[in-house]
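Visitor: Okay, here's the structure, questions in a sec.
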Amino acid sequence: MAMPNIVDASNLTVDFAAGRRSLRAVCGVDIALQPGETLGLVGESGSGKSVTLRALMRLHPKSARIGGSIAVDGHDVLAMSPAQ
């Protein structure tokens with residue numbers, strides 16, 4: 001029997017307000033990690049590595065729009081309050 005994922009992100013998107021328009025910084029990222037696994041993100045400067053990881057922890061300003069789903073240890077991160 002497979003262990004449940006400790007981190008599970010599906011179709012993750014991150015948009016930032018840019019005046020009247022929005023800028024899509026992350027588009028359709030899927031991440032699934034089981035306990036004990038390690039993930040390394042590799043890419044060119046500006047490819048969205050830091051934006052992706054900050055989205056998993058909801059560390060973006062309120063103007064950022066995070067889409068898709070993010071669960072950590074079975075908890076819906078996008079449904080949590082800032083204090084949580």
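Residue numbering restarts at 1 for every chain of the structure tokens, chains are lettered A, B, ... in their displayed order, and ligands are numbered from 1 as they appear.
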Could you list, as a list in words, every residue within 10 Å of Thr13 of chain A, counting only C-alpha atoms and ignoring same-chain residues fewer than 6 positions away?
Guide: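 Close residues of Thr13 of chain A: Arg24, Ala25, Val26, Cys27, Gly28, Val29, Asp30, Val51, Thr52, Ala55, Arg65, Ile66, Gly67, Gly68 and Ser69 of chain A.
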Visitor: Among the residues of chain A, find those DSSP assigns to strand (DSSP E) from the backbone and print them as an MDAnalysis selection string.
Guide: chainID A and resid 7:18 21:33 65:72 75:76
Visitor: As a CSV table (one decimal) with all heavy atoms, in the first residue's frame, please: the residues near Pro61 of chain A (cut-off 12 Å, only C-alpha atoms, same-chain neighbours under 2 positions excluded).
Guide:
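Final output, part-v4.csv:
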chain,number,residue,atom,x,y,z
A,14,VAL,N,0.3,30.7,-10.5
A,14,VAL,CA,0.5,31.9,-9.7
A,14,VAL,C,0.5,33.1,-10.7
A,14,VAL,O,1.3,33.1,-11.7
A,14,VAL,CB,1.9,31.9,-8.9
A,14,VAL,CG1,2.0,33.2,-8.1
A,14,VAL,CG2,2.0,30.7,-8.0
A,15,ASP,N,-0.4,34.0,-10.4
A,15,ASP,CA,-0.5,35.3,-11.2
A,15,ASP,C,-0.2,36.5,-10.3
A,15,ASP,O,-0.7,36.5,-9.2
A,15,ASP,CB,-1.9,35.4,-11.8
A,15,ASP,CG,-2.3,34.3,-12.8
A,15,ASP,OD1,-1.4,33.9,-13.6
A,15,ASP,OD2,-3.4,33.8,-12.7
A,16,PHE,N,0.4,37.5,-10.9
A,16,PHE,CA,0.7,38.7,-10.2
A,16,PHE,C,0.0,39.9,-10.9
A,16,PHE,O,0.1,39.9,-12.2
A,16,PHE,CB,2.2,39.0,-10.1
A,16,PHE,CG,2.9,38.0,-9.2
A,16,PHE,CD1,3.6,37.0,-9.7
A,16,PHE,CD2,2.9,38.2,-7.8
A,16,PHE,CE1,4.3,36.1,-8.9
A,16,PHE,CE2,3.5,37.3,-7.0
A,16,PHE,CZ,4.3,36.3,-7.5
A,17,ALA,N,-0.6,40.8,-10.2
A,17,ALA,CA,-1.2,42.0,-10.8
A,17,ALA,C,-0.1,42.8,-11.4
A,17,ALA,O,1.0,43.1,-10.8
A,17,ALA,CB,-2.0,42.8,-9.8
A,51,VAL,N,9.0,31.3,-6.9
A,51,VAL,CA,7.6,31.6,-6.9
A,51,VAL,C,6.8,30.4,-6.6
A,51,VAL,O,5.8,30.4,-5.8
A,51,VAL,CB,7.2,32.3,-8.2
A,51,VAL,CG1,5.6,32.4,-8.3
A,51,VAL,CG2,7.8,33.6,-8.5
A,54,ARG,N,7.3,29.5,-2.8
A,54,ARG,CA,6.6,30.5,-2.0
A,54,ARG,C,5.1,30.2,-2.0
A,54,ARG,O,4.4,30.4,-1.0
A,54,ARG,CB,6.9,31.9,-2.4
A,54,ARG,CG,8.3,32.3,-2.0
A,54,ARG,CD,8.6,33.7,-2.5
A,54,ARG,NE,10.0,34.0,-2.4
A,54,ARG,CZ,10.5,34.8,-1.4
A,54,ARG,NH1,9.7,35.2,-0.5
A,54,ARG,NH2,11.8,35.0,-1.4
A,55,ALA,N,4.6,29.8,-3.2
A,55,ALA,CA,3.2,29.5,-3.3
A,55,ALA,C,2.8,28.4,-2.4
A,55,ALA,O,1.7,28.4,-1.8
A,55,ALA,CB,2.8,29.2,-4.8
A,57,MET,N,3.9,27.7,0.4
A,57,MET,CA,3.8,28.1,1.8
A,57,MET,C,3.0,29.4,1.9
A,57,MET,O,2.9,30.0,3.0
A,57,MET,CB,5.2,28.4,2.3
A,57,MET,CG,6.1,27.2,2.3
A,57,MET,SD,7.8,27.5,2.9
A,57,MET,CE,8.5,28.4,1.5
A,58,ARG,N,2.3,29.8,0.9
A,58,ARG,CA,1.5,31.0,0.8
A,58,ARG,C,2.3,32.3,1.4
A,58,ARG,O,1.8,33.0,2.2
A,58,ARG,CB,0.2,30.8,1.6
A,58,ARG,CG,-0.8,29.9,0.8
A,58,ARG,CD,-2.1,29.8,1.4
A,58,ARG,NE,-2.7,31.1,1.7
A,58,ARG,CZ,-3.7,31.3,2.5
A,58,ARG,NH1,-4.3,30.2,3.1
A,58,ARG,NH2,-4.2,32.4,2.8
A,59,LEU,N,3.4,32.5,0.9
A,59,LEU,CA,4.3,33.6,1.3
A,59,LEU,C,4.3,34.7,0.3
A,59,LEU,O,5.2,35.6,0.3
A,59,LEU,CB,5.7,33.1,1.5
A,59,LEU,CG,5.9,32.2,2.7
A,59,LEU,CD1,7.3,31.7,2.8
A,59,LEU,CD2,5.4,32.8,4.0
A,63,SER,N,-1.8,40.5,-3.3
A,63,SER,CA,-2.1,40.7,-4.7
A,63,SER,C,-1.8,39.5,-5.6
A,63,SER,O,-2.3,39.5,-6.8
A,63,SER,CB,-1.3,41.9,-5.2
A,63,SER,OG,0.1,41.7,-5.1
A,64,ALA,N,-1.1,38.5,-5.1
A,64,ALA,CA,-0.8,37.3,-5.9
A,64,ALA,C,-2.1,36.4,-5.9
A,64,ALA,O,-2.8,36.3,-4.9
A,64,ALA,CB,0.4,36.6,-5.4
A,65,ARG,N,-2.4,35.8,-7.0
A,65,ARG,CA,-3.5,34.9,-7.1
A,65,ARG,C,-2.9,33.5,-7.4
A,65,ARG,O,-2.2,33.2,-8.4
A,65,ARG,CB,-4.4,35.2,-8.3
A,65,ARG,CG,-5.0,36.6,-8.2
A,65,ARG,CD,-6.1,36.6,-7.1
A,65,ARG,NE,-6.6,37.9,-6.9
A,65,ARG,CZ,-6.5,38.5,-5.7
A,65,ARG,NH1,-5.9,38.0,-4.7
A,65,ARG,NH2,-7.0,39.8,-5.6
A,66,ILE,N,-3.1,32.6,-6.4
A,66,ILE,CA,-2.7,31.2,-6.5
A,66,ILE,C,-3.8,30.3,-6.9
A,66,ILE,O,-4.9,30.4,-6.2
A,66,ILE,CB,-2.0,30.8,-5.1
A,66,ILE,CG1,-0.9,31.7,-4.7
A,66,ILE,CG2,-1.6,29.3,-5.2
A,66,ILE,CD1,-0.4,31.5,-3.3
A,82,PRO,N,-4.4,33.1,7.2
A,82,PRO,CA,-3.0,33.6,7.3
A,82,PRO,C,-2.4,33.1,8.6
A,82,PRO,O,-1.2,32.8,8.6
A,82,PRO,CB,-3.1,35.1,7.2
A,82,PRO,CG,-4.3,35.3,6.4
A,82,PRO,CD,-5.3,34.3,6.8
Visitor: Restricting the calculation to only C-alpha atoms, which member of A:Val7, A:Leu39, A:Leu23, A:Ala18 is positioned closest to Val77 of chain A?
Guide: A:Val7
Visitor: For Thr38 of chain A, list every protein, DNA or RNA residue within 12 Å, evaluated using only C-alpha atoms, and leave out those in the same chain fewer than 4 positions away; present the list as a VMD selection string.
Guide: chain A and resid 6 to 7 31 to 34
Visitor: Can I get the selected residues back with N, CA, C and O atoms, as an mmCIF file, in the first residue's frame?
Guide:
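Listed below is the output, out32.cif:
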data_model
loop_
_atom_site.group_PDB
_atom_site.id
_atom_site.type_symbol
_atom_site.label_atom_id
_atom_site.label_comp_id
_atom_site.auth_asym_id
_atom_site.auth_seq_id
_atom_site.Cartn_x
_atom_site.Cartn_y
_atom_site.Cartn_z
ATOM 1 N N ILE A 6 2.966 13.745 1.482
ATOM 2 C CA ILE A 6 3.082 14.777 2.522
ATOM 3 C C ILE A 6 2.864 16.159 1.895
ATOM 4 O O ILE A 6 2.353 17.073 2.517
ATOM 5 N N VAL A 7 3.262 16.316 0.633
ATOM 6 C CA VAL A 7 3.008 17.530 -0.146
ATOM 7 C C VAL A 7 2.373 17.096 -1.456
ATOM 8 O O VAL A 7 2.878 16.198 -2.133
ATOM 9 N N ILE A 31 3.277 18.706 -8.088
ATOM 10 C CA ILE A 31 4.313 18.201 -7.188
ATOM 11 C C ILE A 31 3.667 17.192 -6.257
ATOM 12 O O ILE A 31 2.603 17.463 -5.682
ATOM 13 N N ALA A 32 4.304 16.039 -6.095
ATOM 14 C CA ALA A 32 3.837 15.022 -5.150
ATOM 15 C C ALA A 32 5.058 14.463 -4.436
ATOM 16 O O ALA A 32 5.944 13.892 -5.068
ATOM 17 N N LEU A 33 5.108 14.671 -3.118
ATOM 18 C CA LEU A 33 6.225 14.183 -2.307
ATOM 19 C C LEU A 33 5.720 13.296 -1.186
ATOM 20 O O LEU A 33 4.776 13.665 -0.480
ATOM 21 N N GLN A 34 6.354 12.174 -1.020
ATOM 22 C CA GLN A 34 6.040 11.290 0.090
ATOM 23 C C GLN A 34 7.026 11.540 1.222
ATOM 24 O O GLN A 34 8.100 12.102 1.001
#
Visitor: Show which residues sit within 12 Å of His75 of chain A, as a ChimeraX atom specification. Count only C-alpha atoms, and ignore same-chain residues fewer than 3 positions away.
Guide: /A:5-9,56,69-72,78-81,84
Visitor: List every residue of segment 3-83 of chain A that DSSP, applied to the backbone of this structure, places in alpha helix (DSSP H), and write the result as a list in words.
Guide: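 Those residues are Lys49, Ser50, Val51, Thr52, Leu53, Arg54, Ala55 and Leu56 of chain A.
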Visitor: Under the rule that only C-alpha atoms are counted, which of A:Leu53, A:Leu12, A:Ala83, A:Ala2 is the nearest residue to Gly40 of chain A?
Guide: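 Looking at the shortest contact to Gly40 of chain A, the residue is A:Leu53.
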Visitor: Quick one: distance from atom CA of Pro4 of chain A to atom CA of Val42 of chain A in Å, one decimal?
Guide: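 Answer for the atom CA of Pro4 of chain A to atom CA of Val42 of chain A separation: 25.1 Å.
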